[in-house]
Protein chains: 4
Amino acid sequence: MNLLQQFNTVRAQSIEMCKPLLTEDYVLQVAFFASPPKWNLAHTSWFFEEFILQSHYPSYKHFHPQYAYLFNSYYEGAGKRTSRDERGTFSRPAVSEIYEYRKHVDHHMQELLQKEMQEEIVELVILGLNHEQQHQELFYTDHKYNFSRNPLNPAYSDIPFAEKGEMPKQEYIKFGTGLFEVGFGGDSFSFDNESPVHKIYLESFEISNRLVNNGEYLEFIEDKGYHRYEFWHEEGWKWVNDNGAEHPQYWQMKDGTWYQFTLAGLRELKDNHPVTHVNYYEAFAFAQWKKMRLPTEFEWEVASEKFQWGDRWEWTESAYLPYPGFKKPEGTVGEYNEKFMVNQKVLRGASVVTSAGHARKTYRNFFHPHLGWQFTGIRLAK
Amino acid sequence: MNLLQQFNTVRAQSIEMCKPLLTEDYVLQVAFFASPPKWNLAHTSWFFEEFILQSHYPSYKHFHPQYAYLFNSYYEGAGKRTSRDERGTFSRPAVSEIYEYRKHVDHHMQELLQKEMQEEIVELVILGLNHEQQHQELFYTDHKYNFSRNPLNPAYSDIPFAEKGEMPKQEYIKFGTGLFEVGFGGDSFSFDNESPVHKIYLESFEISNRLVNNGEYLEFIEDKGYHRYEFWHEEGWKWVNDNGAEHPQYWQMKDGTWYQFTLAGLRELKDNHPVTHVNYYEAFAFAQWKKMRLPTEFEWEVASEKFQWGDRWEWTESAYLPYPGFKKPEGTVGEYNEKFMVNQKVLRGASVVTSAGHARKTYRNFFHPHLGWQFTGIRLAK
Amino acid sequence: MNLLQQFNTVRAQSIEMCKPLLTEDYVLQVAFFASPPKWNLAHTSWFFEEFILQSHYPSYKHFHPQYAYLFNSYYEGAGKRTSRDERGTFSRPAVSEIYEYRKHVDHHMQELLQKEMQEEIVELVILGLNHEQQHQELFYTDHKYNFSRNPLNPAYSDIPFAEKGEMPKQEYIKFGTGLFEVGFGGDSFSFDNESPVHKIYLESFEISNRLVNNGEYLEFIEDKGYHRYEFWHEEGWKWVNDNGAEHPQYWQMKDGTWYQFTLAGLRELKDNHPVTHVNYYEAFAFAQWKKMRLPTEFEWEVASEKFQWGDRWEWTESAYLPYPGFKKPEGTVGEYNEKFMVNQKVLRGASVVTSAGHARKTYRNFFHPHLGWQFTGIRLAK
Amino acid sequence: MNLLQQFNTVRAQSIEMCKPLLTEDYVLQVAFFASPPKWNLAHTSWFFEEFILQSHYPSYKHFHPQYAYLFNSYYEGAGKRTSRDERGTFSRPAVSEIYEYRKHVDHHMQELLQKEMQEEIVELVILGLNHEQQHQELFYTDHKYNFSRNPLNPAYSDIPFAEKGEMPKQEYIKFGTGLFEVGFGGDSFSFDNESPVHKIYLESFEISNRLVNNGEYLEFIEDKGYHRYEFWHEEGWKWVNDNGAEHPQYWQMKDGTWYQFTLAGLRELKDNHPVTHVNYYEAFAFAQWKKMRLPTEFEWEVASEKFQWGDRWEWTESAYLPYPGFKKPEGTVGEYNEKFMVNQKVLRGASVVTSAGHARKTYRNFFHPHLGWQFTGIRLAK
């Protein structure tokens, strides 16, 4: 696929996934971290407008003078903006106007993409498409969260996104001590936080060939895992007690049976499916209870060719930090990753709702330890 | 009009006022006190279902088993419910389903209203209609508040609701010392908090024949009224400083000109229109600055036949308390008024968005002193 | 007693009551409303310095240039100051310095009081002494609160301040409908909020000859009073649930027996002693449960000559508002009372820790409805 | 020195440093992280009682049955306790009682130390002494913080602890790429978080031979460092704006001159002294502004023999995480370090108030990024 085709494919995908929505659903924001679908659709368009069209397409006219204020996410260099928890406070512009906005941006981008372009612009377009894919994943996870708080347990679709078939028999794959190369070194696209390639010295370790499943996690719960401080970080234990946590956030017990809220509504919990929507504190506590640990992000990367991954974003023990020799890009896109490199944990892999072709083994996702609204999971190491 | 006609008129009015809305607007809740239009439409229907149909219409089937949970406002006696600040967290049921719900309730109510009814039920129907009229007023004020937080300043309608023509020339009407009768004593409908009729002893007083206008309030601002503690209650001064208050909440200065956010969008401020959307702290401070005071609710009631009222809910100095001999009704409707009789101030009159025929001179509205999202106003006394 | 003698008596009393304290106790502030003893001692001295010595004693030199900043309570007109919740954040000046400060102020005041004085100054001195008596009461209640949060249950003194002997047999005293005169009309001292004398029209009422006792309040608890919403204001019910309230704040159950924290430490609860440390929400709910009500402040005042009072500050149903024709004093002392006249309830009477001769039947105390750290009580009316 | 002598020396030191205090100072807690001196004295004694005397000295009698509740810091395994922010809420036990408590513990510990002891107990004693030395440092930093909030700027002592003479001329020391060994490998005492020794692969780097000084930091301020988002983490920028931060927390500008609050009171800022009391966000932003970075903890450790350290705890870019193969000790002392290994940054070195002989090059201190009440500093790398 050439770049224009890629552009059209990714942009169409964002619209495709909104088809099951009602107009009412587009507006909803139930927690600061879960953006309304309408906002996601507009923000990904603003990204192309802000970083490409307005500087590299001289005749471009902004669709609306205040959309930058409404749909800038966190780029200080791109001016003032609404705060993250206010994204659900404006019912206007209407959903139909947002679709007009997308058409306007698409039309100009398509014109641009049919011309000769500088390498710098090509890179920004590819960044914009990867950015939009990240928001496609967020669309699912945010929308799931928004629906999860509705007492009616509405379904997004009958396709049971949270579900996953049988996993391989449990084995631990061994790796010997040594120097390894990690980080992204290819020609294709990667994010700045995956670079540069560098060497890392690892002690020998073993890592599980599969994710922890619901049945195993249930044993932790039944062994009073949420009531025994010794498995938890001090902050994790505070989180447990402040929230009265007793199980992963989308689980609920009804008449003695465990259910899980999914994009297909409330479904009975399946023991052999990978556990999901646990936060880092829970992942760590589970590993402590098992007398094992979470892998570091480098153990994971080194080992990743020996096991299947891609169903859950997997918590690692690593903090989100710059690689040795890391350089952030010049200008406002330099705000993409670096400024978040404190107080977050690295997740590796991808999830059932990651757009096809988006992730790779060097990919670094990151979230605060108390958050579990992504399709997160647990892989054990020792 | 007979009761069935009244019912149909009031119910139709709630739908009529939603016509300028987009589907997106129905879902929005921007502050805990400003309910989404969808919720108002459903809640007023639930009121008839809960207090009339389920107990007095034996064959009645609930439209949906969880609507009571979603649309009960504050009646502890009617079971568990969502909290007030969660009304904007559910995009489902869809707006179309709420309209179905209204039809379902209307249909059964219309059947009931064509039969012979006990006096008790007639009274509950009239209460339900007055209740719905209160929510019609709240529809305007809540929707205005929700729109006011949108940086695009959207308009609900071209009719400039907040505006008001010339007022009479300023005069002070005098009343002598004496015993007066206050409270509702007629045969028609009134709320429990207006009863019983009782005597009150008033010292002589003077009261303005008109509301304070924007021009007068502007003088207070220009005389640094928001920066001089001596006019304010301690709590009012804290409110000023915590919020950096400098003017009424819907005012804004642009390029040296004052504008006011209205249901018709942002409009230039008119000096001779009555000031509105001030809270009690502001009304009190303005009166202090004028070396006057706010009237008590009884002064207001006694004097109300000598001046025009109905454009602004008027803050009084009176706290919202039960009248001597007050009795709350038996059962869950007893929660309608009494349980709010602490920490609130009485407002008298009515406003430009009060439904026709809803208010009367003995009517007691009440809000917390820091709130000004109603069409409130100021009348001075001395 | 002449004014100098009065001055010496009141000032000595403040020091006398600190004798059982350790130096450590003087510094403690456990809640924003409970000031450290050190602060009370300094603040009452600052009052004389600020309102009398600095303006009426030309050669007066301030003891320390920053004490006004540290020990001004809430007088905006007297300049900047520490906030109310910061009174426990400074260990210096030392307690010994505060005693030096008192001596310095006393010395100059004593000189002044031996001279001819303008009436205005005499009035300010008397105000200062009444002010100090108010802080003497606060000393006991604040110190009790501070100690109550100590797991060791320390005792201030063996004298069981919270206790009280037998009360009269329960009777209800009847009053007929009519016009009554209320408010302070004498020559001696009173606070501005007690004036002017005015007439009030009261419907006939009955009022209890004694306070509610612990045994009666226990029946309310045992009848699940803290779990039945129907007795509570909406805000009271929220207070119950937010705080998990199950009983008055100083009560605790140990091994099946009720105890009460007192100034003499933890003591077994006595059924026939008046209940104390209830807030307004609790007083109201108790009255609702009894199918009675609290008296208004005017019913209380009219009836007060027919019953004994003085052991508990008694909650009334009245909101704290200015009397008709109320005028606040000129200048900074005008901040003494008026600016608190919103969102508070009136209490009438006095308590076991009120200084001798301080209260009278027209005296108006006032607190926010959720606070009960004073020696508050309940008297029923109907 | 034998163990008994060491014990006596360390214990005596804790008392020595309290000599400049008034009784009032012992009680004060101004922020949740700054414990009262009284609490520190008691807690370090409780540590010996809890972990040694009660299990290894059969006849030991607790000094007071509730001291464990009052003076346990964060050991879940040692039972319930007061919360961290309540340490300043109890004026009793009196300071004199705490000194009695210390004598009681010392007496029994001295008896024990004169006997033959199992290796396990010896290790616990040494841990207890190192623990007490950590609290000796906290004594200075907490007390400084408590005094810093006093408008009178009181001095702890005339010795200007925060000051520091000339530093060497600025040079950057170079290190080549390679494998290095880090972590503690000796026979003497170290904390569990320093183990095990392990290899780490480092890219070549340069590190400053001295700390950043006040003059350099002032340039950052004057270049609007606190007003330019591009130097800050997103969370750092939020911290700046939420707190209106413009300079390090103990700095203040008076009449055009910069001062710094020190343990000797307010002192004029010296340009050539190392900057101190910056938090991690500030350290990172300063380095960004300098177009350099902070070292990792391993770069620091490897380089530490080539420069002087010990005046400031130095922020590193490393997150506080377990070393490969880390094992926490069995039992309640296992809570000493591991449970804090999330959301904190590593600091290396020591500070002017660290007890003599306490630190070493493998020592790992750790704090949350927003905290700067320790004597923290900045060393640059590139």
# chains A, B, ... in the order shown; residues from 1 in each chain; ligands from 1
$ interface_residues --of "chain D" --to "chain C" --cutoff "10 Å" --atoms "only C-alpha atoms" --output "PyMOL selection string"
chain D and resi 22-31+66-67+69-70+82+86+88-95+146-154
$ residues_around --residues "Ser190 (chain A)" --least-positions-apart "6" --cutoff "10 Å" --atoms "only C-alpha atoms" --output "VMD selection string"
chain A and resid 126 to 127 130 183 to 184 358 to 360 362 to 364
$ residues_around --residues "Glu132 (chain A)" --least-positions-apart "6" --cutoff "10 Å" --atoms "only C-alpha atoms" --output "PyMOL selection string"
chain A and resi 10-11+13-14+40-41+43-45+47-48+126+138+355
$ residues_around --residues "region 371-379 of chain A" --least-positions-apart "2" --cutoff "9 Å" --atoms "only C-alpha atoms" --output "ChimeraX atom specification"
/A:33-34,137-138,140-142,144-145,162,207-213,248-250,274-280,283-284,286-287,293-295,311-316,347,350-353,367-369,381
$ select_by_dssp --residues "region 267-336 of chain A" --states "alpha helix (DSSP H)" --output "list in words"
Tyr280, Tyr281, Glu282, Ala283, Phe284, Ala285, Phe286, Ala287, Gln288, Trp289, Glu297, Phe298, Glu299, Trp300, Glu301, Val302 and Ala303 of chain A
$ residues_around --residues "region 193-201 of chain D" --least-positions-apart "6" --cutoff "7 Å" --atoms "only C-alpha atoms" --output "ChimeraX atom specification"
/A:199-201 /D:178-185,322-323,325-326,337,362-364
$ write_last_selection --atoms "C-alpha atoms" --output "CSV table (one decimal), in the first residue's frame"
chain,number,residue,atom,x,y,z
A,199,LYS,CA,22.9,-3.2,24.7
A,200,ILE,CA,21.6,-4.5,28.0
A,201,TYR,CA,23.1,-7.1,30.3
D,178,GLY,CA,31.5,-1.2,29.1
D,179,LEU,CA,30.2,-3.7,31.7
D,180,PHE,CA,30.4,-2.6,35.3
D,181,GLU,CA,29.7,-4.2,38.6
D,182,VAL,CA,27.3,-2.4,40.9
D,183,GLY,CA,25.6,-3.1,44.2
D,184,PHE,CA,26.9,-3.9,47.6
D,185,GLY,CA,29.3,-6.8,48.0
D,322,PRO,CA,14.6,-4.1,42.8
D,323,TYR,CA,18.0,-5.3,41.6
D,325,GLY,CA,17.8,-11.4,42.1
D,326,PHE,CA,16.6,-9.1,44.9
D,337,ASN,CA,12.2,-1.3,51.5
D,362,THR,CA,26.0,1.8,46.9
D,363,TYR,CA,23.5,3.4,49.2
D,364,ARG,CA,20.1,4.0,47.6
$ select_by_dssp --residues "region 130-270 of chain D" --states "strand (DSSP E or B)" --output "PyMOL selection string"
chain D and resi 172-175+178-182+198-202+205-208+213+251-254+257-262+265-268
